[in-house]
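The structure appears right after this line, and notes come after that.
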Amino acid sequence: MNHEPEFGSWCDFTTLEKSVEYDGLHLGEYTFHVKAKTRANQVSTEAVRSFSVTSGGIAPKEMVSFTVISSSASVNQGDALKLTATVLYSDGTSEDVSNRTECRWTSKNPSIAAVDASGSVRGVAQGTAEITVSYSGYEASASIEVLPGGR
């Protein structure tokens, strides 16, 4: 069961360290998203931390790997293929983070294959393109071949 506690904002430019206290957490999985911004309100860094609250206490979950998964390495021109960004945590659990706003999907050759913010790749022209996703300091890539359209 996931619970989403609400936290307020804080601002203190004299220190680089902040702590948040929250009483009343239930047993379950929690993920905190932190964005540090400059005074001009531009995002300078983002971090995601997950942990589990168990009857034995709080157990932090550290990311141990990050992969991009595809059901196929090719897509026809004009068609779409969904890629999945998956995090593996130190406790053995995994999570699909493809649709998280912290995921940044890019195509190194968008004239061959374009990718949207959720990891959906559209074949534009015949050729091969590398699709890269970054998340919480990790990066993963997939090589996607665009085949001639069959229509």
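Residue numbering restarts at 1 in every chain; chains get A, B, ... in the order shown in the structure tokens, and ligands count up from 1 in that same order.
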Item checked: Residue contacts of region 76-86 of chain A (9 Å, only C-alpha atoms) excluding same-chain residues fewer than 4 positions away, as number ranges by chain -> A: 65-72, 94-99, 103, 112-113, 118-126, 133-135, 140, 142, 145-150
Next item on the list: Using only C-alpha atoms, find the one residue out of A:Gly127, A:Gly92, A:Ala117, A:Glu102 that sits nearest to Glu139 (chain A).
Entry: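 Among A:Gly127, A:Gly92, A:Ala117, A:Glu102, it is A:Glu102 that comes nearest to Glu139 (chain A).
The coordinates place CA of Asp116 (chain A) at 10.5 Å from CA of Ile131 (chain A).
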